[in-house]
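Student: So that you have it, the file is target14.csv, and it contains CSV, C-alpha atoms:
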```csv
chain,number,residue,atom,x,y,z
K,1,MET,CA,9.1,-1.0,-7.0
K,2,LEU,CA,6.3,1.0,-5.5
K,3,HIS,CA,6.8,4.8,-5.4
K,4,VAL,CA,4.8,7.4,-3.7
K,5,LEU,CA,4.4,10.5,-5.8
K,6,PHE,CA,4.5,14.2,-4.8
K,7,HIS,CA,4.7,17.5,-6.6
K,8,LEU,CA,7.0,20.5,-6.5
K,9,ASP,CA,4.7,23.0,-8.2
K,10,ASP,CA,3.6,21.2,-11.3
K,11,GLN,CA,6.4,18.7,-11.5
K,12,ARG,CA,6.1,15.1,-10.3
K,13,TYR,CA,8.6,13.5,-8.1
K,14,ALA,CA,8.8,9.9,-6.8
K,15,LEU,CA,10.0,8.5,-3.5
K,16,GLU,CA,10.7,4.8,-3.4
K,17,THR,CA,8.6,3.2,-0.6
K,18,GLY,CA,11.4,0.9,0.7
K,19,ARG,CA,12.2,3.4,3.5
K,20,LEU,CA,8.7,4.7,3.9
K,21,VAL,CA,7.2,4.0,7.3
K,22,GLU,CA,3.9,5.9,7.1
K,23,VAL,CA,2.1,8.7,5.3
K,24,VAL,CA,1.0,11.2,7.9
K,25,PRO,CA,-1.4,14.2,7.4
K,26,PHE,CA,0.1,17.7,7.8
K,27,VAL,CA,-0.1,17.8,11.6
K,28,GLU,CA,0.8,20.8,13.6
K,29,LEU,CA,4.6,21.2,13.9
K,30,ARG,CA,6.6,22.7,16.6
K,31,GLU,CA,8.9,25.2,14.9
K,32,LEU,CA,12.6,25.2,15.7
K,33,PRO,CA,13.8,28.8,15.9
K,34,ARG,CA,17.0,29.6,14.0
K,35,ALA,CA,16.9,26.3,12.1
K,36,PRO,CA,17.5,26.4,8.3
K,37,ALA,CA,14.4,27.3,6.3
K,38,CYS,CA,13.9,23.8,5.0
K,39,VAL,CA,13.4,22.5,8.5
K,40,ALA,CA,9.7,22.8,9.1
K,41,GLY,CA,9.8,21.7,12.7
K,42,LEU,CA,9.2,18.7,15.0
K,43,PHE,CA,6.1,16.7,15.4
K,44,ASP,CA,4.9,14.2,18.0
K,45,TYR,CA,4.8,10.8,16.4
K,46,ARG,CA,3.4,8.4,18.9
K,47,GLY,CA,5.3,10.0,21.7
K,48,ARG,CA,8.5,10.5,19.8
K,49,MET,CA,9.7,13.9,18.5
K,50,VAL,CA,10.4,13.5,14.7
K,51,PRO,CA,12.0,16.3,12.7
K,52,VAL,CA,10.3,17.3,9.5
K,53,ILE,CA,12.0,18.6,6.3
K,54,ASP,CA,9.8,20.7,4.0
K,55,LEU,CA,10.7,19.5,0.5
K,56,THR,CA,8.8,22.4,-1.0
K,57,ALA,CA,10.9,24.9,1.0
K,58,LEU,CA,14.1,22.9,0.2
K,59,ALA,CA,13.6,22.9,-3.6
K,60,LEU,CA,11.4,25.9,-4.3
K,61,GLY,CA,12.1,28.2,-1.4
K,62,ARG,CA,8.5,28.6,-0.2
K,63,PRO,CA,6.7,26.6,2.5
K,64,SER,CA,4.3,23.8,1.7
K,65,ARG,CA,0.6,25.0,1.7
K,66,VAL,CA,-1.7,23.7,4.4
K,67,LEU,CA,-3.9,21.4,2.4
K,68,HIS,CA,-5.3,18.0,2.8
K,69,SER,CA,-3.1,16.7,0.0
K,70,THR,CA,0.0,18.1,1.7
K,71,ARG,CA,1.4,15.2,3.8
K,72,ILE,CA,4.4,14.1,5.8
K,73,LEU,CA,6.2,11.1,4.3
K,74,LEU,CA,7.7,9.5,7.4
K,75,ILE,CA,10.9,7.6,6.4
K,76,ASP,CA,13.5,5.6,8.2
K,77,TYR,CA,16.5,7.9,7.5
K,78,PRO,CA,19.9,6.2,7.4
K,79,LEU,CA,22.5,8.1,9.4
K,80,ALA,CA,25.9,8.6,8.0
K,81,GLU,CA,27.6,6.9,11.0
K,82,GLY,CA,25.2,3.9,10.9
K,83,GLY,CA,21.8,3.3,12.4
K,84,SER,CA,18.7,5.2,11.3
K,85,ARG,CA,16.2,7.7,12.7
K,86,PRO,CA,12.7,8.6,11.7
K,87,LEU,CA,12.5,11.7,9.5
K,88,GLY,CA,9.4,13.4,8.1
K,89,LEU,CA,9.4,14.8,4.6
K,90,LEU,CA,6.7,17.4,4.0
K,91,ALA,CA,5.5,17.4,0.4
K,92,GLU,CA,2.6,18.8,-1.6
K,93,ARG,CA,0.0,16.8,-3.5
K,94,VAL,CA,0.8,13.4,-2.1
K,95,VAL,CA,-2.2,11.7,-3.6
K,96,GLU,CA,-1.1,8.6,-5.6
K,97,THR,CA,1.4,5.8,-5.9
K,98,LEU,CA,3.0,4.3,-8.9
K,99,LYS,CA,4.8,1.0,-9.6
K,100,LEU,CA,8.0,1.6,-11.6
K,101,ALA,CA,10.6,-1.0,-12.4
K,102,PRO,CA,14.2,0.0,-11.5
K,103,GLU,CA,15.1,-0.1,-15.2
K,104,ALA,CA,12.5,2.5,-16.0
K,105,PHE,CA,14.8,5.1,-14.5
K,106,THR,CA,17.7,6.6,-16.5
K,107,ASP,CA,20.3,9.1,-15.4
K,108,ALA,CA,19.1,12.7,-15.7
K,109,GLY,CA,22.4,13.7,-17.2
K,110,VAL,CA,22.4,16.9,-15.1
K,111,GLU,CA,23.7,17.2,-11.6
K,112,ILE,CA,22.8,20.3,-9.7
K,113,PRO,CA,25.3,20.9,-6.9
K,114,GLU,CA,22.8,22.2,-4.4
K,115,ALA,CA,20.3,19.5,-5.2
K,116,HIS,CA,22.1,16.1,-5.0
K,117,TYR,CA,18.9,14.6,-3.7
K,118,LEU,CA,17.4,14.9,-7.2
K,119,GLY,CA,18.0,11.5,-8.7
K,120,ARG,CA,17.2,9.5,-11.8
K,121,VAL,CA,14.4,10.2,-14.2
K,122,ALA,CA,11.6,8.0,-15.5
K,123,HIS,CA,8.7,8.6,-17.7
K,124,ASP,CA,5.2,7.3,-18.0
K,125,GLU,CA,2.2,8.2,-20.2
K,126,ARG,CA,1.8,11.5,-18.2
K,127,GLY,CA,5.4,12.6,-18.8
K,128,LEU,CA,8.6,12.7,-16.8
K,129,LEU,CA,9.1,12.2,-13.1
K,130,GLN,CA,12.2,12.3,-11.1
K,131,ALA,CA,13.3,10.2,-8.1
K,132,ILE,CA,14.3,11.7,-4.8
K,133,GLU,CA,17.4,10.1,-3.2
K,134,THR,CA,16.8,10.2,0.6
K,135,ASP,CA,20.4,9.4,1.4
K,136,ALA,CA,21.5,12.7,-0.2
K,137,LEU,CA,18.7,14.8,1.2
K,138,LEU,CA,20.4,16.3,4.2
K,139,THR,CA,23.7,18.1,4.3
K,140,PRO,CA,26.0,16.8,7.1
K,141,GLU,CA,25.4,20.0,9.0
K,142,VAL,CA,21.6,19.7,8.9
K,143,GLU,CA,21.8,16.0,9.7
K,144,ALA,CA,23.9,16.7,12.8
K,145,LEU,CA,21.6,19.5,13.9
K,146,LEU,CA,18.4,17.6,13.5
K,147,PHE,CA,19.3,14.3,15.1
K,148,GLN,CA,21.2,15.9,17.9
K,149,ASP,CA,18.2,18.2,18.7
K,150,ALA,CA,15.7,15.3,18.4
K,151,ALA,CA,17.7,13.2,20.8
K,152,THR,CA,17.6,15.9,23.5
K,153,CYS,CA,13.9,16.6,23.0
K,154,SER,CA,12.7,13.0,23.1
N,1,MET,CA,-19.0,30.1,-0.6
N,2,SER,CA,-16.9,27.9,1.6
N,3,ALA,CA,-13.5,26.8,0.5
N,4,CYS,CA,-14.7,23.2,0.5
N,5,ASP,CA,-17.3,23.9,-2.2
N,6,ASP,CA,-16.7,21.9,-5.4
N,7,LYS,CA,-17.0,25.1,-7.5
N,8,ALA,CA,-14.1,26.7,-5.6
N,9,LEU,CA,-11.9,23.8,-6.9
N,10,ASN,CA,-13.3,24.1,-10.4
N,11,ILE,CA,-14.5,20.5,-10.5
N,12,ASP,CA,-16.8,19.7,-13.3
N,13,ASP,CA,-19.0,16.8,-12.1
N,14,CYS,CA,-19.3,15.3,-15.6
N,15,TRP,CA,-20.2,12.0,-14.0
N,16,ASN,CA,-23.5,13.6,-12.9
N,17,ARG,CA,-24.0,15.4,-16.2
N,18,ILE,CA,-23.0,12.9,-18.9
N,19,GLY,CA,-21.6,10.0,-16.9
N,20,ILE,CA,-23.0,7.0,-15.2
N,21,TRP,CA,-25.2,9.1,-12.8
N,22,ARG,CA,-26.8,11.3,-15.5
N,23,ARG,CA,-30.6,11.5,-15.3
N,24,GLU,CA,-31.2,12.1,-19.0
N,25,GLY,CA,-29.5,12.9,-22.2
N,26,GLU,CA,-26.7,11.5,-24.3
N,27,PRO,CA,-23.9,9.7,-22.4
N,28,CYS,CA,-20.2,10.7,-22.5
N,29,PRO,CA,-18.4,9.1,-25.5
N,30,ARG,CA,-15.8,7.6,-23.1
N,31,LEU,CA,-18.5,5.6,-21.3
N,32,ALA,CA,-19.0,3.2,-24.1
N,33,LYS,CA,-15.4,1.9,-23.7
N,34,LEU,CA,-14.9,2.4,-20.0
N,35,MET,CA,-18.3,1.1,-18.9
N,36,HIS,CA,-18.3,3.0,-15.6
N,37,CYS,CA,-17.0,6.4,-14.5
N,38,HIS,CA,-14.9,4.5,-11.8
N,39,ASN,CA,-12.6,3.5,-14.7
N,40,CYS,CA,-12.2,7.0,-16.0
N,41,GLU,CA,-9.1,9.1,-15.5
N,42,VAL,CA,-11.2,12.3,-15.3
N,43,TYR,CA,-13.2,10.9,-12.4
N,44,SER,CA,-10.2,9.8,-10.4
N,45,ARG,CA,-8.4,13.0,-11.1
N,46,SER,CA,-11.4,15.0,-9.8
N,47,GLY,CA,-11.3,12.8,-6.7
N,48,ARG,CA,-7.7,13.7,-6.0
N,49,THR,CA,-8.4,17.4,-6.7
N,50,MET,CA,-10.9,17.2,-3.7
N,51,LEU,CA,-7.8,16.8,-1.5
N,52,GLU,CA,-6.5,20.2,-2.7
N,53,ARG,CA,-8.8,21.8,0.0
N,54,PRO,CA,-7.3,23.8,2.9
N,55,LEU,CA,-6.7,21.7,6.0
N,56,ASP,CA,-8.9,23.4,8.6
N,57,ALA,CA,-7.4,24.1,12.0
N,58,PRO,CA,-9.8,21.9,14.0
N,59,VAL,CA,-9.2,18.9,11.7
N,60,ARG,CA,-5.5,19.5,11.8
N,61,ALA,CA,-5.5,19.7,15.6
N,62,GLU,CA,-7.4,16.4,15.6
N,63,PHE,CA,-4.8,14.7,13.4
N,64,THR,CA,-2.1,16.1,15.6
N,65,ARG,CA,-3.8,14.6,18.7
N,66,ILE,CA,-4.3,11.2,17.0
N,67,TYR,CA,-0.7,10.9,15.8
N,68,ALA,CA,0.7,11.9,19.2
N,69,GLU,CA,-1.1,9.0,20.9
N,70,PRO,CA,1.2,6.4,22.4
N,71,PRO,CA,1.9,3.3,20.2
N,72,ALA,CA,0.1,0.8,22.5
N,73,ALA,CA,-3.1,1.0,20.4
N,74,ALA,CA,-1.3,1.2,17.1
N,75,GLN,CA,0.8,-1.9,17.7
N,76,ALA,CA,-2.1,-4.1,18.8
N,77,HIS,CA,-2.1,-5.6,15.4
N,78,ASN,CA,1.2,-6.6,14.0
N,79,ARG,CA,0.2,-8.9,11.2
N,80,ALA,CA,-2.2,-8.9,8.3
N,81,ALA,CA,-3.7,-11.9,6.7
N,82,LEU,CA,-5.9,-12.4,3.7
N,83,ILE,CA,-8.9,-14.4,4.8
N,84,PHE,CA,-10.6,-16.8,2.3
N,85,ARG,CA,-12.8,-19.8,2.2
N,86,LEU,CA,-11.8,-23.1,0.6
N,87,GLY,CA,-14.8,-25.4,0.6
N,88,ASP,CA,-15.9,-25.7,4.2
N,89,GLU,CA,-12.7,-24.2,5.6
N,90,TRP,CA,-11.9,-20.6,6.4
N,91,LEU,CA,-8.2,-20.0,6.0
N,92,GLY,CA,-5.8,-17.0,6.3
N,93,ILE,CA,-2.5,-16.4,4.5
N,94,ASN,CA,0.1,-13.8,5.3
N,95,SER,CA,-0.8,-10.8,3.2
N,96,ARG,CA,2.8,-10.1,2.3
N,97,CYS,CA,3.0,-13.1,0.0
N,98,VAL,CA,-0.3,-12.3,-1.8
N,99,ASP,CA,0.4,-10.8,-5.2
N,100,GLU,CA,-3.0,-10.6,-6.8
N,101,ILE,CA,-6.6,-11.7,-6.5
N,102,THR,CA,-8.6,-12.2,-9.7
N,103,GLY,CA,-11.8,-13.7,-10.8
N,104,ALA,CA,-11.8,-17.3,-11.8
N,105,ARG,CA,-9.9,-18.1,-15.0
N,106,PRO,CA,-10.1,-21.2,-17.2
N,107,VAL,CA,-7.5,-23.7,-16.1
N,108,GLN,CA,-5.6,-25.4,-18.9
N,109,ARG,CA,-5.0,-29.0,-17.7
N,110,LEU,CA,-1.5,-30.5,-18.2
N,111,PRO,CA,-1.3,-34.0,-19.6
N,112,HIS,CA,0.8,-36.6,-17.8
N,113,VAL,CA,0.9,-34.7,-14.5
N,114,PRO,CA,-0.4,-37.2,-11.9
N,115,GLY,CA,-1.5,-36.4,-8.4
N,116,ASN,CA,-4.0,-34.0,-7.0
N,117,LEU,CA,-1.6,-31.0,-6.4
N,118,VAL,CA,-1.3,-29.5,-9.9
N,119,LYS,CA,-4.5,-28.3,-11.5
N,120,GLY,CA,-2.9,-26.9,-14.7
N,121,LEU,CA,-1.9,-23.5,-16.1
N,122,VAL,CA,-3.8,-20.3,-15.9
N,123,ASN,CA,-3.3,-17.1,-18.0
N,124,LEU,CA,-2.9,-14.1,-15.7
N,125,ARG,CA,-2.2,-10.9,-17.5
N,126,GLY,CA,-0.7,-12.8,-20.4
N,127,GLU,CA,1.6,-14.8,-18.3
N,128,LEU,CA,1.1,-18.5,-17.7
N,129,GLN,CA,1.1,-19.4,-14.0
N,130,LEU,CA,1.0,-22.8,-12.4
N,131,CYS,CA,-2.4,-23.4,-10.8
N,132,ILE,CA,-2.3,-25.6,-7.8
N,133,SER,CA,-4.9,-27.1,-5.5
N,134,LEU,CA,-4.4,-25.8,-2.0
N,135,GLY,CA,-6.9,-28.3,-0.8
N,136,GLY,CA,-4.8,-31.0,-2.3
N,137,LEU,CA,-1.7,-29.7,-0.5
N,138,LEU,CA,-3.5,-29.4,2.9
N,139,GLY,CA,-5.3,-32.7,2.5
N,140,LEU,CA,-8.8,-31.1,2.7
N,141,GLU,CA,-11.9,-33.1,1.9
N,142,ARG,CA,-13.8,-31.7,-1.0
N,143,GLY,CA,-16.3,-29.4,0.7
N,144,ASP,CA,-19.3,-27.3,-0.2
N,145,HIS,CA,-18.0,-25.0,-3.0
N,146,ARG,CA,-21.3,-23.2,-3.6
N,147,PRO,CA,-21.5,-19.6,-2.7
N,148,ARG,CA,-23.3,-19.2,0.5
N,149,MET,CA,-26.4,-17.0,1.1
N,150,GLY,CA,-25.4,-13.9,2.9
N,151,SER,CA,-21.8,-14.8,2.9
N,152,VAL,CA,-19.4,-12.0,3.6
N,153,GLY,CA,-16.9,-12.1,0.8
N,154,ILE,CA,-16.8,-12.3,-3.0
N,155,GLY,CA,-17.1,-15.7,-4.6
N,156,ASP,CA,-15.1,-17.8,-7.0
N,157,ARG,CA,-11.7,-16.1,-7.0
N,158,MET,CA,-8.1,-17.0,-7.7
N,159,ILE,CA,-5.3,-16.0,-5.4
N,160,GLN,CA,-1.7,-15.5,-6.7
N,161,ILE,CA,1.0,-15.9,-4.1
N,162,GLN,CA,4.6,-15.0,-4.6
N,163,ARG,CA,7.8,-15.3,-2.7
N,164,ASP,CA,11.4,-15.0,-4.0
N,165,GLY,CA,10.2,-15.3,-7.6
N,166,GLN,CA,8.1,-18.4,-6.9
N,167,ARG,CA,4.6,-17.8,-8.1
N,168,TYR,CA,1.5,-20.0,-7.7
N,169,VAL,CA,-2.2,-19.5,-8.3
N,170,PHE,CA,-4.9,-21.4,-6.5
N,171,PRO,CA,-8.7,-21.1,-6.8
N,172,VAL,CA,-10.7,-20.4,-3.7
N,173,THR,CA,-14.4,-20.5,-3.0
N,174,GLU,CA,-14.6,-16.9,-1.7
N,175,VAL,CA,-12.3,-14.1,-0.5
N,176,HIS,CA,-13.2,-12.0,2.5
N,177,GLY,CA,-10.4,-9.5,2.6
N,178,LEU,CA,-7.6,-8.4,4.9
N,179,HIS,CA,-7.7,-8.9,8.6
N,180,ARG,CA,-5.2,-7.5,11.1
N,181,TYR,CA,-4.4,-9.4,14.2
N,182,HIS,CA,-1.7,-9.8,16.8
N,183,ASP,CA,0.4,-13.0,17.2
N,184,SER,CA,-1.0,-13.4,20.7
N,185,GLU,CA,-4.5,-13.9,19.3
N,186,LEU,CA,-3.4,-17.1,17.6
N,187,HIS,CA,-4.3,-20.3,19.3
N,188,SER,CA,-2.6,-23.6,18.7
N,189,PRO,CA,-4.5,-25.8,16.2
N,190,PRO,CA,-6.8,-28.4,17.8
N,191,ALA,CA,-5.3,-31.9,18.1
N,192,THR,CA,-8.2,-33.3,16.1
N,193,LEU,CA,-6.9,-31.5,12.9
N,194,SER,CA,-5.7,-33.9,10.3
N,195,LYS,CA,-2.0,-34.3,10.1
N,196,ALA,CA,-1.4,-32.6,6.8
N,197,ARG,CA,-3.5,-29.6,7.8
N,198,GLY,CA,-2.0,-29.3,11.2
N,199,THR,CA,1.5,-29.2,9.7
N,200,TYR,CA,0.6,-26.2,7.4
N,201,THR,CA,-1.3,-24.3,10.1
N,202,ARG,CA,0.6,-21.8,12.3
N,203,GLY,CA,-2.4,-21.4,14.5
N,204,VAL,CA,-6.1,-20.8,14.7
N,205,LEU,CA,-7.7,-17.4,14.9
N,206,ALA,CA,-11.2,-16.6,16.2
N,207,TRP,CA,-12.9,-14.4,13.7
N,208,ARG,CA,-16.6,-13.6,13.5
N,209,GLU,CA,-17.6,-16.8,15.4
N,210,LEU,CA,-15.5,-18.8,12.9
N,211,GLN,CA,-12.2,-20.5,13.4
N,212,VAL,CA,-9.7,-19.4,10.7
N,213,GLY,CA,-6.7,-21.5,10.1
N,214,MET,CA,-3.6,-19.3,9.6
N,215,LEU,CA,-1.4,-20.9,7.1
N,216,ASP,CA,2.4,-21.2,7.4
N,217,ASP,CA,3.3,-19.5,4.2
N,218,GLY,CA,7.0,-20.4,4.5
N,219,LEU,CA,6.2,-24.1,4.7
N,220,ILE,CA,3.8,-23.9,1.9
N,221,PHE,CA,6.3,-22.4,-0.5
N,222,HIS,CA,8.9,-24.8,0.7
N,223,SER,CA,6.6,-27.9,0.1
N,224,LEU,CA,5.4,-26.7,-3.3
N,225,GLU,CA,9.0,-26.1,-4.4
N,226,ARG,CA,9.9,-29.6,-3.2
N,227,ASP,CA,6.9,-31.4,-4.6
N,228,LEU,CA,6.8,-29.7,-8.0
N,229,ARG,CA,10.5,-30.0,-8.8
```
Can I see the file as structure tokens?
Tutor:
Amino acid sequence: MLHVLFHLDDQRYALETGRLVEVVPFVELRELPRAPACVAGLFDYRGRMVPVIDLTALALGRPSRVLHSTRILLIDYPLAEGGSRPLGLLAERVVETLKLAPEAFTDAGVEIPEAHYLGRVAHDERGLLQAIETDALLTPEVEALLFQDAATCS
Amino acid sequence: MSACDDKALNIDDCWNRIGIWRREGEPCPRLAKLMHCHNCEVYSRSGRTMLERPLDAPVRAEFTRIYAEPPAAAQAHNRAALIFRLGDEWLGINSRCVDEITGARPVQRLPHVPGNLVKGLVNLRGELQLCISLGGLLGLERGDHRPRMGSVGIGDRMIQIQRDGQRYVFPVTEVHGLHRYHDSELHSPPATLSKARGTYTRGVLAWRELQVGMLDDGLIFHSLERDLR
């Protein structure tokens, strides 16, 4: 399975490309006042307003830097009540892909209650990397907020 | 010094100093094994580091404008095909079923296999794959297999196609590359096309003053599975 890699500080993380629609540069975002800090804002993707979650803010508590290598991973996010909506994941150092077999991943053995989205762990010649589970990325409150707002804006 | 300057990013351009683009002096010890800096991890890592530059506001505004454009232009091409030449024929196959393109490999012939469909076995990355003759399947005449002067692609390749675990390799005269197109650009194959070819062709696409036959990959896999059982 093909994975696109990104970094949280110096650590590598992998997103499986099955739900990936497109890798978009860090375009200008329209901020949503009073939204949780991990919600970077909305962007106009071909006429449709798409919410963007900042993975750096979500995991490290600081916003992603505005660099060429900071990119929006546009995924088709499955909604809890069925169906799916486009969602942008802003991440730093999105500069490479890696093919990893499903059996290359093993359970991390650690489950952090605030970070269910951190999934299984694999390693290659450059060390460990951890998968991101997109299904567990949003809390129900954030999910309800984002996709209700997006519907009224579009 | 601008932020885009190589020195601001601490990139050591060793490829200019001791690598393939050095003017003089002793080469890098890695070069003997890797042959070219393109194959070196240091070189590719430096390339990625170049992307650690700040995204300037005008560039960012331009990206924003491009991505906000309506989808009409973006959806003009909904399919991608790998275009290649087999003898005298230019053909295209759905890029989704193409696994790998390699240089020509020796084909180990199989005894007691009649017919003109199976060429033998080829070794691809240590795995033996069945090498077939696409021309044999399509009923093509043996054409001009010499590389052409000023031709657009790279010559003498093997293409591996794969679907649902079925893998086949077939040699082609040259490979052009990927071409994106829309279904509406496909014309029905001319009635003069031989029966076998017509069957395996989804349509004909005009490409660079040439007529490219777009192959029906589903039917090809189906026929190969049936004929090779």
Student: Write out as a list in words which residues come within 8 Å of Val142 in chain K when counting only C-alpha atoms, dropping same-chain ones fewer than 4 positions away.
Tutor: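 Within the cut-off, the hits are Pro36, Leu138 and Leu146 of chain K.
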Student: Pick the closest to Glu133 in chain K from K:Val23, K:Gly119, K:Arg48, K:Val110: which is it, counting all atoms listed in the file?
Tutor: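 That would be K:Gly119, the residue with the smallest distance to Glu133 in chain K.
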Student: Residues of chain K within 9 Å of chain N, using only C-alpha atoms, as an MDAnalysis selection string?
Tutor: chainID K and resid 24:29 43:48 65:70 93 95:96
Student: Counting only C-alpha atoms, note down every residue that has an atom within 7 Å of the point (7.1, 2.7, 7.8) (file coordinates), as a PDB file with C-alpha atoms, in the frame of the given file.
Tutor:
```
ATOM      1  CA  ARG K  19      12.200   3.400   3.500  1.00  0.00           C
ATOM      2  CA  LEU K  20       8.700   4.700   3.900  1.00  0.00           C
ATOM      3  CA  VAL K  21       7.200   4.000   7.300  1.00  0.00           C
ATOM      4  CA  GLU K  22       3.900   5.900   7.100  1.00  0.00           C
ATOM      5  CA  LEU K  74       7.700   9.500   7.400  1.00  0.00           C
ATOM      6  CA  ILE K  75      10.900   7.600   6.400  1.00  0.00           C
TER       7      ILE K  75
END
```
Student: Distance CA of Leu117 in chain N-CA of Thr102 in chain N, one decimal place?
Tutor: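 Result for CA of Leu117 in chain N versus CA of Thr102 in chain N: 20.3 Å, one decimal.
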Student: May I ask for the distance between CA of His222 in chain N and CA of Leu137 in chain N, given in Å to one decimal place?
Tutor: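 If I compute the distance from CA of His222 in chain N to CA of Leu137 in chain N, I get 11.7 Å.
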Student: Excluding Leu87 in chain K and any residue of its chain fewer than 5 positions from it, enumerate the residues within 7 Å of it, using all atoms listed in the file, and give them as a ChimeraX atom specification.
Tutor: /K:50-52,74-77
Student: Could you tell me, as an mmCIF file with C-alpha atoms, in the frame of the given file, which residues have any atom at most 12 Å from (16.8, 12.0, 1.8), counting only C-alpha atoms?
Tutor:
```cif
data_model
loop_
_atom_site.group_PDB
_atom_site.id
_atom_site.type_symbol
_atom_site.label_atom_id
_atom_site.label_comp_id
_atom_site.auth_asym_id
_atom_site.auth_seq_id
_atom_site.Cartn_x
_atom_site.Cartn_y
_atom_site.Cartn_z
ATOM 1 C CA ALA K 14 8.800 9.900 -6.800
ATOM 2 C CA LEU K 15 10.000 8.500 -3.500
ATOM 3 C CA GLU K 16 10.700 4.800 -3.400
ATOM 4 C CA ARG K 19 12.200 3.400 3.500
ATOM 5 C CA LEU K 20 8.700 4.700 3.900
ATOM 6 C CA VAL K 52 10.300 17.300 9.500
ATOM 7 C CA ILE K 53 12.000 18.600 6.300
ATOM 8 C CA ASP K 54 9.800 20.700 4.000
ATOM 9 C CA LEU K 55 10.700 19.500 0.500
ATOM 10 C CA LEU K 58 14.100 22.900 0.200
ATOM 11 C CA LEU K 73 6.200 11.100 4.300
ATOM 12 C CA LEU K 74 7.700 9.500 7.400
ATOM 13 C CA ILE K 75 10.900 7.600 6.400
ATOM 14 C CA ASP K 76 13.500 5.600 8.200
ATOM 15 C CA TYR K 77 16.500 7.900 7.500
ATOM 16 C CA PRO K 78 19.900 6.200 7.400
ATOM 17 C CA LEU K 79 22.500 8.100 9.400
ATOM 18 C CA ALA K 80 25.900 8.600 8.000
ATOM 19 C CA SER K 84 18.700 5.200 11.300
ATOM 20 C CA ARG K 85 16.200 7.700 12.700
ATOM 21 C CA PRO K 86 12.700 8.600 11.700
ATOM 22 C CA LEU K 87 12.500 11.700 9.500
ATOM 23 C CA GLY K 88 9.400 13.400 8.100
ATOM 24 C CA LEU K 89 9.400 14.800 4.600
ATOM 25 C CA LEU K 90 6.700 17.400 4.000
ATOM 26 C CA ALA K 115 20.300 19.500 -5.200
ATOM 27 C CA HIS K 116 22.100 16.100 -5.000
ATOM 28 C CA TYR K 117 18.900 14.600 -3.700
ATOM 29 C CA LEU K 118 17.400 14.900 -7.200
ATOM 30 C CA GLY K 119 18.000 11.500 -8.700
ATOM 31 C CA ALA K 131 13.300 10.200 -8.100
ATOM 32 C CA ILE K 132 14.300 11.700 -4.800
ATOM 33 C CA GLU K 133 17.400 10.100 -3.200
ATOM 34 C CA THR K 134 16.800 10.200 0.600
ATOM 35 C CA ASP K 135 20.400 9.400 1.400
ATOM 36 C CA ALA K 136 21.500 12.700 -0.200
ATOM 37 C CA LEU K 137 18.700 14.800 1.200
ATOM 38 C CA LEU K 138 20.400 16.300 4.200
ATOM 39 C CA THR K 139 23.700 18.100 4.300
ATOM 40 C CA PRO K 140 26.000 16.800 7.100
ATOM 41 C CA VAL K 142 21.600 19.700 8.900
ATOM 42 C CA GLU K 143 21.800 16.000 9.700
#
```
Student: State, in Å with one decimal place, the distance from CA of Glu103 in chain K to CA of Tyr168 in chain N.
Tutor: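 According to the coordinates, CA of Glu103 in chain K and CA of Tyr168 in chain N are separated by 25.2 Å.
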Student: Applying 8 Å and only C-alpha atoms, which residues near His7 in chain K remain after dropping the ones on its own chain fewer than 6 positions away? List them as a list in words.
Tutor: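 Neighbouring residues, sequence-local ones excluded: Tyr13, Ala91, Glu92, Arg93 and Val94 of chain K.
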Student: Skip range 118-121 of chain N itself and residues of its chain fewer than 2 positions away, then list as a ChimeraX atom specification all residues within 12 Å of it, counting only C-alpha atoms.
Tutor: /N:105-116,123-124,126-137,167-171,224,227-229
Student: Tell me, as a PyMOL selection string, which residues lie within 12 Å of Gly165 in chain N, counting all atoms listed in the file; anything in the same chain fewer than 2 positions away does not count.
Tutor: chain N and resi 97+99+129+160-163+167-168+221+225
Student: With distances taken over all atoms listed in the file, which of N:Ile93, N:Leu86, N:Cys14, N:Ala206 is nearest to Gly155 in chain N?
Tutor: N:Leu86
